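Data block below; observations after.
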Amino acid sequence: MKCFGLLPLEWIWRRELLREDLQDVQSEACAPSWVHSEHQRSSGPGGCRPNPSLVSWPQVQRYPVSVGIIDIPVPFEHERILIFLCFSHRSRKELREKGPPKILQDLKDVVLVEGSAAKLECRVSAFPDPFIVWSKDGKELKDGPKYRYVFEDPDFVALVVRDGVLADLGKYTVSIKNPFGQTYGSACILVEVPAKVSKGPDNKQAKRGTTVVLKAEISGEPPPDVAWLKDGDDIEEDDRVFFDIGDTNTILTIKNAKLSDAGKYEVFVENHLGTDQSFARVDIL
């Protein structure tokens, strides 16, 4: 017979009765000092009594055993004693040692794709229960729709960042504090954004011999590859026609414009998350 789900282990002595009597304690946790007497079965849950002095039990030794029942012959009215290994009502929480918080499993960097959610989590040990605060780049984050504090298990704390945007990129820190001390853990959220042409180039009309400038605003993380095309073909750069790529824009420059420079221009961006393009018309007068 076993008593399940409670800790710690305790000993209890019972008289040997009919085998069906052993079922009395299957659903009851046995207090460590209760005993069962064949002549006092009406007292206590399952026939257990909280006062063992009412029954004259011989002095016997306790034997080390594992979970279960052992049957030990003892001189007592030609009967035997059964030793039961039962569980007390003390909870796991009550048995934990008080002390400062400790991080048992560190936070790890995670990647957040734009528009999705990311989760930072760590495993901790703390009793009494700690007070948790999350921050980003030194600024406290309030629990709410954007940032959700999560406590999935007594030993795990987590932060969920929702509706990811590029601004979520940064260093996140968790502060774990109880009356005995405080500890910290940190990790980074790396944000990935599909390549995009945020604003395409405008159509242009220019006179021959002037300079034509086409500008497009772009975004993406990792930074996208950029190409310019004319009438579907890649533009081969030289001293007269060339383009520059900045952090948030790209500029195509056409010096000393010619009639042959007229046509349909395209800016194309790409990273491993996606592609985008935009078009503009250039007319040379």
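Chain labels follow the order of the structure tokens: the first chain is A, the next B, and so on; residue numbering restarts at 1 in every chain, and ligands are counted from 1 in their shown order.
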field: Exercise: A:Ile235 partners within 12 Å, only C-alpha atoms, chain neighbours under 6 positions left out, as an MDAnalysis selection string
entry: chainID A and resid 226:229 241:243 252:254 261 264:268
task: With a distance cut-off of 6 Å and only C-alpha atoms, select the neighbouring residues of A:Asn178, excluding the residue or stretch itself and same-chain residues fewer than 2 positions from it, and output the selection as a PyMOL selection string.
output: chain A and resi 130+180-181
Output the selection as a compact mmCIF listing (two decimals), in the first residue's frame - N, CA and C atoms for each residue.
```
# COMPACT_ATOMS: atom_id res chain seq x y z
N PRO A 130 9.03 35.05 -4.65
CA PRO A 130 9.67 36.33 -4.95
C PRO A 130 8.74 37.32 -5.64
N PHE A 180 14.96 37.81 1.55
CA PHE A 180 16.32 37.36 1.85
C PHE A 180 17.35 37.80 0.83
N GLY A 181 16.92 38.41 -0.26
CA GLY A 181 17.90 38.86 -1.24
C GLY A 181 17.29 39.08 -2.60
```
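Using only C-alpha atoms, the smallest distance between any of A:Ile251, A:Val157, A:Leu141, A:Val165 and A:Gly200 comes from A:Ile251.
Among the candidates A:Glu221, A:Glu270, A:Glu121, A:Gly263, the residue lying nearest to A:Asp233 is A:Gly263 (atoms considered: only C-alpha atoms).
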query: Taking the backbone alone, and naming residues the way the document does, which bits of stretch 94-238 of chain A are strand (DSSP E or B) by DSSP, as a PyMOL selection string?
result: chain A and resi 99-105+110-113+118-127+131-136+139-141+147-153+156-161+170-178+181-199+204-206+212-221+225-230+233-234
query: Near stretch 255-260 of chain A, counting only C-alpha atoms, which residues have an atom at most 8 Å away, once you skip same-chain residues fewer than 2 positions from it, shown as a ChimeraX atom specification?
result: /A:206-212,240-241,253,262-263,284-285
Export of prior selection with N, CA and C atoms as a PDB file, in the first residue's frame:
```
ATOM      1  N   ALA A 206      12.700  65.232 -66.522  1.00  0.00           N
ATOM      2  CA  ALA A 206      13.929  66.041 -66.461  1.00  0.00           C
ATOM      3  C   ALA A 206      14.393  66.386 -67.863  1.00  0.00           C
ATOM      4  N   LYS A 207      15.130  67.457 -67.958  1.00  0.00           N
ATOM      5  CA  LYS A 207      15.721  67.868 -69.225  1.00  0.00           C
ATOM      6  C   LYS A 207      17.054  67.158 -69.420  1.00  0.00           C
ATOM      7  N   ARG A 208      17.394  67.056 -70.699  1.00  0.00           N
ATOM      8  CA  ARG A 208      18.694  66.453 -71.015  1.00  0.00           C
ATOM      9  C   ARG A 208      19.822  67.266 -70.393  1.00  0.00           C
ATOM     10  N   GLY A 209      20.823  66.537 -69.901  1.00  0.00           N
ATOM     11  CA  GLY A 209      21.991  67.181 -69.314  1.00  0.00           C
ATOM     12  C   GLY A 209      21.855  67.484 -67.833  1.00  0.00           C
ATOM     13  N   THR A 210      20.641  67.315 -67.265  1.00  0.00           N
ATOM     14  CA  THR A 210      20.452  67.558 -65.826  1.00  0.00           C
ATOM     15  C   THR A 210      20.665  66.266 -65.040  1.00  0.00           C
ATOM     16  N   THR A 211      20.592  66.402 -63.709  1.00  0.00           N
ATOM     17  CA  THR A 211      20.759  65.229 -62.833  1.00  0.00           C
ATOM     18  C   THR A 211      19.392  64.774 -62.318  1.00  0.00           C
ATOM     19  N   VAL A 212      19.150  63.481 -62.430  1.00  0.00           N
ATOM     20  CA  VAL A 212      17.906  62.883 -61.961  1.00  0.00           C
ATOM     21  C   VAL A 212      18.203  62.069 -60.696  1.00  0.00           C
ATOM     22  N   ARG A 240      28.555  57.890 -64.070  1.00  0.00           N
ATOM     23  CA  ARG A 240      27.397  58.718 -64.411  1.00  0.00           C
ATOM     24  C   ARG A 240      26.107  58.205 -63.754  1.00  0.00           C
ATOM     25  N   VAL A 241      25.939  56.867 -63.686  1.00  0.00           N
ATOM     26  CA  VAL A 241      24.735  56.258 -63.103  1.00  0.00           C
ATOM     27  C   VAL A 241      25.172  55.344 -61.955  1.00  0.00           C
ATOM     28  N   THR A 253      21.184  57.861 -58.640  1.00  0.00           N
ATOM     29  CA  THR A 253      21.578  59.128 -59.244  1.00  0.00           C
ATOM     30  C   THR A 253      21.936  58.907 -60.712  1.00  0.00           C
ATOM     31  N   ALA A 262      15.456  57.480 -70.303  1.00  0.00           N
ATOM     32  CA  ALA A 262      14.018  57.409 -70.053  1.00  0.00           C
ATOM     33  C   ALA A 262      13.597  55.940 -69.954  1.00  0.00           C
ATOM     34  N   GLY A 263      12.614  55.686 -69.087  1.00  0.00           N
ATOM     35  CA  GLY A 263      12.136  54.315 -68.956  1.00  0.00           C
ATOM     36  C   GLY A 263      11.507  54.035 -67.597  1.00  0.00           C
ATOM     37  N   ILE A 284      12.717  61.923 -70.065  1.00  0.00           N
ATOM     38  CA  ILE A 284      13.741  62.900 -70.375  1.00  0.00           C
ATOM     39  C   ILE A 284      13.230  63.770 -71.532  1.00  0.00           C
ATOM     40  N   LEU A 285      13.171  65.080 -71.329  1.00  0.00           N
ATOM     41  CA  LEU A 285      12.636  66.013 -72.318  1.00  0.00           C
ATOM     42  C   LEU A 285      13.736  66.640 -73.144  1.00  0.00           C
TER      43      LEU A 285
END
```
